[in-house]
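Asker: Take a look at entry19.cif, mmCIF, C-alpha atoms:
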```
data_run
loop_
_atom_site.label_atom_id
_atom_site.label_comp_id
_atom_site.auth_asym_id
_atom_site.auth_seq_id
_atom_site.Cartn_x
_atom_site.Cartn_y
_atom_site.Cartn_z
CA MET A 1 182.10 64.94 209.60
CA LEU A 2 183.33 65.51 206.03
CA LYS A 3 186.81 64.21 206.91
CA GLN A 4 185.31 61.09 208.47
CA ARG A 5 183.09 60.58 205.44
CA VAL A 6 186.03 60.88 203.04
CA ILE A 7 188.21 58.50 205.08
CA THR A 8 185.46 55.88 205.18
CA ALA A 9 184.83 56.25 201.44
CA VAL A 10 188.52 55.82 200.63
CA ILE A 11 188.77 52.70 202.80
CA MET A 12 185.66 51.20 201.16
CA LEU A 13 187.01 51.91 197.67
CA ILE A 14 190.37 50.35 198.51
CA ILE A 15 188.72 47.21 199.86
CA LEU A 16 186.36 46.96 196.87
CA GLY A 17 189.15 47.63 194.40
CA ALA A 18 191.41 45.01 195.97
CA ALA A 19 188.60 42.44 195.86
CA MET A 20 187.92 43.18 192.19
CA LEU A 21 191.60 42.86 191.29
CA ALA A 22 192.04 39.60 193.21
CA PRO A 23 192.88 36.57 191.00
CA VAL A 24 189.93 34.63 192.47
CA ARG A 25 186.28 35.58 192.93
CA TRP A 26 186.04 34.74 196.63
CA PRO A 27 186.95 38.16 198.09
CA LEU A 28 184.29 39.96 196.06
CA LEU A 29 181.69 37.29 196.75
CA ALA A 30 182.44 37.60 200.47
CA ILE A 31 181.88 41.37 200.25
CA PHE A 32 178.56 40.80 198.47
CA VAL A 33 177.41 38.40 201.18
CA LEU A 34 178.55 40.68 204.02
CA MET A 35 176.92 43.78 202.55
CA SER A 36 173.67 41.97 201.85
CA THR A 37 173.56 40.49 205.34
CA LEU A 38 174.17 43.83 207.04
CA ALA A 39 171.66 45.60 204.78
CA CYS A 40 169.09 42.95 205.70
CA TRP A 41 169.70 43.59 209.40
CA GLU A 42 169.37 47.34 208.95
CA TRP A 43 166.19 46.99 206.89
CA GLU A 44 164.59 44.76 209.51
CA ARG A 45 165.43 47.27 212.24
CA LEU A 46 163.58 49.92 210.23
CA SER A 47 160.51 47.83 209.39
CA LEU A 48 159.94 45.71 212.50
CA SER A 49 158.01 47.15 215.42
CA GLN A 50 159.85 47.86 218.67
CA ASP A 51 158.72 44.61 220.31
CA GLN A 52 159.90 42.63 217.25
CA GLN A 53 163.38 44.18 216.98
CA ARG A 54 164.97 41.08 218.51
CA TRP A 55 164.27 39.22 215.26
CA ALA A 56 166.39 41.56 213.13
CA TRP A 57 169.72 39.81 213.71
CA PRO A 58 168.41 36.21 213.48
CA LEU A 59 166.69 36.99 210.16
CA ALA A 60 169.79 38.69 208.79
CA LEU A 61 172.14 35.91 209.93
CA LEU A 62 169.92 33.20 208.43
CA ASN A 63 169.81 35.15 205.18
CA GLY A 64 173.58 35.57 205.25
CA ALA A 65 174.10 31.87 205.96
CA LEU A 66 171.91 30.99 202.96
CA MET A 67 173.88 33.31 200.68
CA LEU A 68 177.18 31.92 201.96
CA TRP A 69 176.04 28.33 201.45
CA LEU A 70 174.85 29.07 197.90
CA SER A 71 178.15 30.86 197.18
CA VAL A 72 180.05 27.69 198.11
CA TYR A 73 177.59 25.33 196.44
CA TRP A 74 177.58 27.24 193.14
CA TYR A 75 181.21 28.35 193.15
CA GLU A 76 182.59 25.93 190.55
CA THR A 77 179.54 25.13 188.45
CA GLY A 78 177.50 28.30 188.72
CA PRO A 79 173.84 28.47 189.77
CA GLN A 80 172.05 25.18 189.12
CA GLY A 81 169.41 22.89 190.54
CA GLN A 82 166.11 23.62 192.26
CA ALA A 83 167.62 26.37 194.42
CA ALA A 84 168.73 28.25 191.30
CA ASP A 85 165.31 27.81 189.67
CA LEU A 86 163.60 29.18 192.78
CA VAL A 87 165.91 32.17 193.10
CA TYR A 88 166.30 33.19 189.48
CA ARG A 89 163.00 32.17 187.89
CA ALA A 90 160.69 33.01 190.78
CA LEU A 91 162.24 35.38 193.31
CA VAL A 92 164.07 37.67 190.86
CA PRO A 93 160.96 38.46 188.74
CA LEU A 94 158.87 38.73 191.92
CA MET A 95 161.29 41.15 193.55
CA ALA A 96 161.59 43.26 190.39
CA ALA A 97 157.79 43.54 190.30
CA LEU A 98 157.64 44.45 193.98
CA TRP A 99 160.14 47.24 193.44
CA ILE A 100 158.45 48.61 190.32
CA VAL A 101 154.87 48.38 191.60
CA GLY A 102 154.92 47.97 195.37
CA ALA A 103 157.81 50.20 196.43
CA THR A 104 156.95 52.88 193.90
CA GLY A 105 153.35 52.85 195.11
CA LEU A 106 154.40 53.28 198.74
CA VAL A 107 156.72 56.15 197.84
CA LEU A 108 153.96 57.89 195.87
CA GLN A 109 151.55 57.34 198.75
CA GLY A 110 154.08 59.04 201.01
CA GLN A 111 152.82 57.80 204.37
CA ALA A 112 155.95 58.58 206.35
CA THR A 113 154.62 59.24 209.84
CA GLN A 114 154.31 55.76 211.32
CA ARG A 115 155.41 52.18 210.75
CA ALA A 116 152.99 50.20 208.58
CA GLN A 117 152.90 47.01 206.49
CA GLY A 118 155.46 45.63 208.98
CA VAL A 119 155.24 41.95 208.06
CA LEU A 120 155.22 42.55 204.30
CA LEU A 121 158.12 44.97 204.48
CA SER A 122 160.07 42.61 206.74
CA VAL A 123 159.65 39.78 204.23
CA MET A 124 160.74 42.18 201.50
CA GLY A 125 163.73 43.09 203.69
CA VAL A 126 164.88 39.47 203.54
CA LEU A 127 164.19 38.96 199.84
CA ALA A 128 165.58 42.24 198.47
CA PRO A 129 169.19 41.74 199.67
CA LEU A 130 169.05 38.04 198.76
CA VAL A 131 167.88 38.76 195.20
CA ALA A 132 170.36 41.62 194.71
CA TRP A 133 173.16 39.31 195.89
CA ALA A 134 171.95 36.53 193.56
CA SER A 135 171.87 38.95 190.61
CA LEU A 136 175.43 40.16 191.24
CA TYR A 137 176.57 36.57 191.81
CA LEU A 138 175.24 35.44 188.43
CA PHE A 139 176.68 38.50 186.66
CA LEU A 140 180.08 37.86 188.21
CA HIS A 141 180.07 34.14 187.43
CA GLU A 142 178.77 34.41 183.87
CA GLN A 143 180.06 37.80 182.69
CA GLY A 144 182.97 38.81 184.92
CA ILE A 145 184.27 41.83 186.82
CA VAL A 146 183.93 44.38 184.01
CA TYR A 147 180.22 43.63 183.70
CA VAL A 148 179.59 44.06 187.43
CA LEU A 149 181.72 47.20 187.67
CA SER A 150 180.00 48.88 184.72
CA LEU A 151 176.61 48.24 186.34
CA LEU A 152 177.80 49.69 189.66
CA VAL A 153 179.19 52.75 187.86
CA LEU A 154 175.79 53.28 186.22
CA ILE A 155 174.25 53.63 189.68
CA TRP A 156 177.07 55.86 190.94
CA VAL A 157 176.91 58.12 187.88
CA ALA A 158 173.15 58.55 188.25
CA ASP A 159 173.50 59.33 191.96
CA ILE A 160 176.32 61.85 191.54
CA ALA A 161 174.63 63.60 188.61
CA ALA A 162 171.35 63.78 190.53
CA TYR A 163 173.14 65.41 193.47
CA PHE A 164 174.83 68.13 191.41
CA ALA A 165 171.84 68.75 189.13
CA GLY A 166 169.63 69.07 192.19
CA ARG A 167 172.00 71.54 193.83
CA ALA A 168 172.33 73.62 190.67
CA PHE A 169 168.78 73.63 189.36
CA GLY A 170 166.58 71.98 191.97
CA LYS A 171 163.48 73.85 193.07
CA ALA A 172 160.45 71.62 192.58
CA LYS A 173 160.45 68.85 195.20
CA LEU A 174 160.23 65.26 194.00
CA ALA A 175 158.75 63.63 197.11
CA PRO A 176 158.59 66.25 199.89
CA ARG A 177 156.87 64.02 202.44
CA VAL A 178 159.45 61.28 202.00
CA SER A 179 162.72 63.09 201.21
CA PRO A 180 162.53 66.91 201.10
CA GLY A 181 166.02 67.18 199.63
CA LYS A 182 165.18 65.32 196.41
CA THR A 183 164.13 67.45 193.43
CA TRP A 184 162.77 66.84 189.96
CA ALA A 185 165.83 68.52 188.47
CA GLY A 186 168.06 66.09 190.31
CA ALA A 187 166.04 63.12 189.14
CA VAL A 188 166.15 64.26 185.51
CA GLY A 189 169.88 64.94 185.77
CA GLY A 190 170.49 61.46 187.13
CA MET A 191 168.44 59.79 184.41
CA VAL A 192 170.14 61.76 181.62
CA ALA A 193 173.57 60.90 183.02
CA ALA A 194 172.60 57.22 183.23
CA ALA A 195 171.53 57.22 179.57
CA ILE A 196 174.82 58.86 178.56
CA TRP A 197 176.82 56.33 180.58
CA MET A 198 174.96 53.43 178.98
CA LEU A 199 175.67 54.71 175.47
CA ALA A 200 179.31 55.49 176.28
CA SER A 201 180.08 52.25 178.12
CA ALA A 202 178.40 50.17 175.39
CA ASN A 203 181.69 50.54 173.52
CA TRP A 204 183.46 48.90 176.47
CA SER A 205 183.81 45.21 175.66
CA GLY A 206 182.29 42.99 178.34
CA SER A 207 180.26 45.77 179.94
CA PHE A 208 176.63 45.62 181.00
CA ALA A 209 175.67 48.22 178.38
CA ALA A 210 177.47 46.35 175.59
CA ASP A 211 175.34 43.30 176.40
CA ILE A 212 172.15 45.39 176.50
CA VAL A 213 172.93 47.01 173.13
CA GLN A 214 173.28 43.58 171.54
CA ARG A 215 169.94 42.48 172.96
CA TRP A 216 167.89 45.65 172.70
CA GLY A 217 169.59 48.12 170.33
CA TRP A 218 170.97 51.60 170.91
CA VAL A 219 167.77 53.58 171.39
CA ALA A 220 166.34 51.04 173.84
CA THR A 221 169.67 50.95 175.71
CA ALA A 222 169.46 54.69 176.39
CA ALA A 223 165.83 54.32 177.46
CA LEU A 224 166.67 51.42 179.75
CA GLY A 225 169.43 53.50 181.32
CA VAL A 226 166.77 56.08 182.16
CA ALA A 227 164.51 53.36 183.57
CA LEU A 228 167.25 51.88 185.74
CA ALA A 229 168.16 55.33 187.05
CA ALA A 230 164.50 55.98 187.85
CA LEU A 231 164.32 52.72 189.77
CA SER A 232 167.50 53.61 191.65
CA ILE A 233 165.75 56.80 192.78
CA VAL A 234 162.78 54.72 193.93
CA GLY A 235 165.21 52.60 195.97
CA ASP A 236 166.67 55.72 197.58
CA LEU A 237 163.24 57.21 198.33
CA PHE A 238 161.93 53.91 199.64
CA GLU A 239 164.72 53.70 202.20
CA SER A 240 164.02 57.32 203.16
CA LEU A 241 160.40 56.31 203.71
CA LEU A 242 161.42 53.46 206.02
CA LYS A 243 163.76 55.75 207.96
CA ARG A 244 161.10 58.44 208.39
CA ARG A 245 158.63 55.86 209.62
CA ALA A 246 161.22 54.63 212.12
CA ALA A 247 162.19 58.22 213.02
CA VAL A 248 165.91 57.71 212.37
CA LYS A 249 168.41 59.58 210.20
CA ASP A 250 170.49 56.59 209.08
CA SER A 251 169.87 52.86 208.82
CA SER A 252 172.74 52.31 211.30
CA GLN A 253 176.13 53.74 212.23
CA LEU A 254 178.24 50.92 210.81
CA LEU A 255 180.00 53.21 208.31
CA PRO A 256 181.31 56.37 210.02
CA GLY A 257 180.14 59.45 208.15
CA HIS A 258 177.93 57.41 205.82
CA GLY A 259 175.39 55.79 208.13
CA GLY A 260 174.68 52.17 207.34
CA VAL A 261 175.36 49.68 204.57
CA TYR A 262 171.75 49.95 203.41
CA ASP A 263 172.30 53.71 203.00
CA ARG A 264 175.06 52.91 200.51
CA ILE A 265 173.29 50.21 198.48
CA ASP A 266 169.68 51.43 198.58
CA ALA A 267 169.79 52.14 194.83
CA LEU A 268 171.51 48.83 193.99
CA LEU A 269 168.84 46.66 195.61
CA PRO A 270 166.09 47.47 193.05
CA VAL A 271 168.41 47.96 190.06
CA ALA A 272 170.18 44.57 190.28
CA PRO A 273 167.15 42.30 189.69
CA LEU A 274 165.77 44.46 186.87
CA ALA A 275 169.21 44.56 185.23
CA LEU A 276 169.32 40.76 185.45
CA LEU A 277 165.94 40.44 183.78
CA LEU A 278 166.93 42.85 181.01
CA SER A 279 170.18 40.97 180.37
CA GLY A 280 168.42 37.65 179.92
CA ALA A 281 171.13 35.95 182.02
CA TRP A 282 168.51 34.53 184.38
CA LEU A 283 167.21 32.30 181.56
CA PHE A 284 170.21 29.95 181.83
#
```
Can the structure in the file be given as structure tokens, please?
Answerer:
Amino acid sequence: MLKQRVITAVIMLIILGAAMLAPVRWPLLAIFVLMSTLACWEWERLSLSQDQQRWAWPLALLNGALMLWLSVYWYETGPQGQAADLVYRALVPLMAALWIVGATGLVLQGQATQRAQGVLLSVMGVLAPLVAWASLYLFLHEQGIVYVLSLLVLIWVADIAAYFAGRAFGKAKLAPRVSPGKTWAGAVGGMVAAAIWMLASANWSGSFAADIVQRWGWVATAALGVALAALSIVGDLFESLLKRRAAVKDSSQLLPGHGGVYDRIDALLPVAPLALLLSGAWLF
């Protein structure tokens, strides 16, 4: 299992690295669309009732087709027109609010024994990948690869630090009914690491943190790193809630040793729209 997990991780990193180093943006944009589409499919499988499962693929494919069309339409000029206004000035703030209030509330409620709020969660399962894709698309178009990579590393650093802090010091459970393995020590470790990464990477020209420092200042940048890490934990716990309700271990088996695509980007989905709002890039 570990060998399979490592092999899959290495392959994913090679593909992502090659796309980031490509002289054009298309390979990375294609990866964003593919990941968002597959995550949408996996989410719908977790939220829809058994007799509604047949709608998971059609919803995901329609969502993917929309993202692909917008990628082509905006490729040269960047997001513009009524579609851009709808996505960035309506759906991004809405989705950020749903993550902060709605998803956090469901995680705190901890009802993990049966499927519930099926229609609402299915709608959210379409919007969340779409909005995360749109956020990354705008970051890539307006700010470039370094900006996107530094944001992704923020999420990875928080996740890795949470894992090791939890293993070393974790006793008190964070959300035992949702994810028994998560601890308060792990959460604190992840948030501290995120704040450190934000302060360190702020000296990296063109990074997400460098932009945030210019807009918000150093103290606020550290605090916002903590907030983004906290929201990444909500994203992780929220997916765990969906999986427990559906009585499955992983969102799918698309990635050997890792489960599904949603399992790999569960923290990115809530962080991306909030990061976009904090950057001010959505006010183009």
Asker: List the residues matched by the PyMOL selection byres ((chain A and resi 32-46) around 7) in the displayed structure as a count of residues only, ordered by chain and then by residue number.
Answerer: 28
Asker: Could you check the closest approach to Gly102 of chain A for each of A:Phe238, A:Ala18, A:Ala165, A:Asp85 and tell me which residue wins, using all atoms listed in the file?
Answerer: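 Closest residue, counting all atoms listed in the file: A:Phe238.
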Asker: Would you translate the PyMOL selection byres ((chain A and resi 215) around 12) into the concrete set of residues it matches in this file, as number ranges by chain?
Answerer: A: 202, 208-214, 216-221, 224, 277-281
Asker: Take atom CA of Ala272 of chain A and atom CA of Gln52 of chain A and report the distance between them in Å, one decimal.
Answerer: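 For atom CA of Ala272 of chain A relative to atom CA of Gln52 of chain A, the distance reads 28.9 Å.
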Asker: Selection in question (the file shown): the PyMOL selection byres ((chain A and resi 255-258) around 8). Which residues does it include, as a list in words?
Answerer: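 Checked against the file, the PyMOL selection byres ((chain A and resi 255-258) around 8) matches Met1, Leu2, Gln4, Arg5, Val6, Thr8, Ser252, Gln253, Leu254, Gly259, Gly260, Val261, Asp263 and Arg264 of chain A.
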Asker: Separation of atom CA of Leu241 of chain A and atom CA of Trp99 of chain A, in Å?
Answerer: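 Going from atom CA of Leu241 of chain A over to atom CA of Trp99 of chain A, I get 13.7 Å.
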Asker: Residues at most 8 Å from segment 171-173 of chain A, counting all atoms listed in the file, excluding those fewer than 5 positions away in the same chain, as a list in words?
Answerer: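 Everything that qualifies: Gly166, Pro180, Gly181, Lys182, Thr183, Trp184 and Ala185 of chain A.
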Asker: Would you work out the distance separating atom CA of Phe164 of chain A from atom CA of Lys249 of chain A, expressed in Å to one decimal?
Answerer: 21.6 Å
Asker: What's the 12 Å shell around Leu106 of chain A, counting only C-alpha atoms, without same-chain residues fewer than 2 positions away, as a ChimeraX atom specification?
Answerer: /A:98-104,108-112,116-117,121,175,177-178,234-235,237-242,245
Asker: Compare A:Pro27, A:Val131, A:Ala158, A:Asp51 by their minimum atom-to-atom distance to Leu66 of chain A, counting only C-alpha atoms, and give me the closest one.
Answerer: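 Looking at the shortest contact to Leu66 of chain A, the residue is A:Val131.
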Asker: List as an MDAnalysis selection string the protein and nucleic acid residues near Leu154 of chain A, meaning an atom at most 6 Å away when all atoms listed in the file are counted, but skip any in the same chain fewer than 3 places from it.
Answerer: chainID A and resid 151 157 194
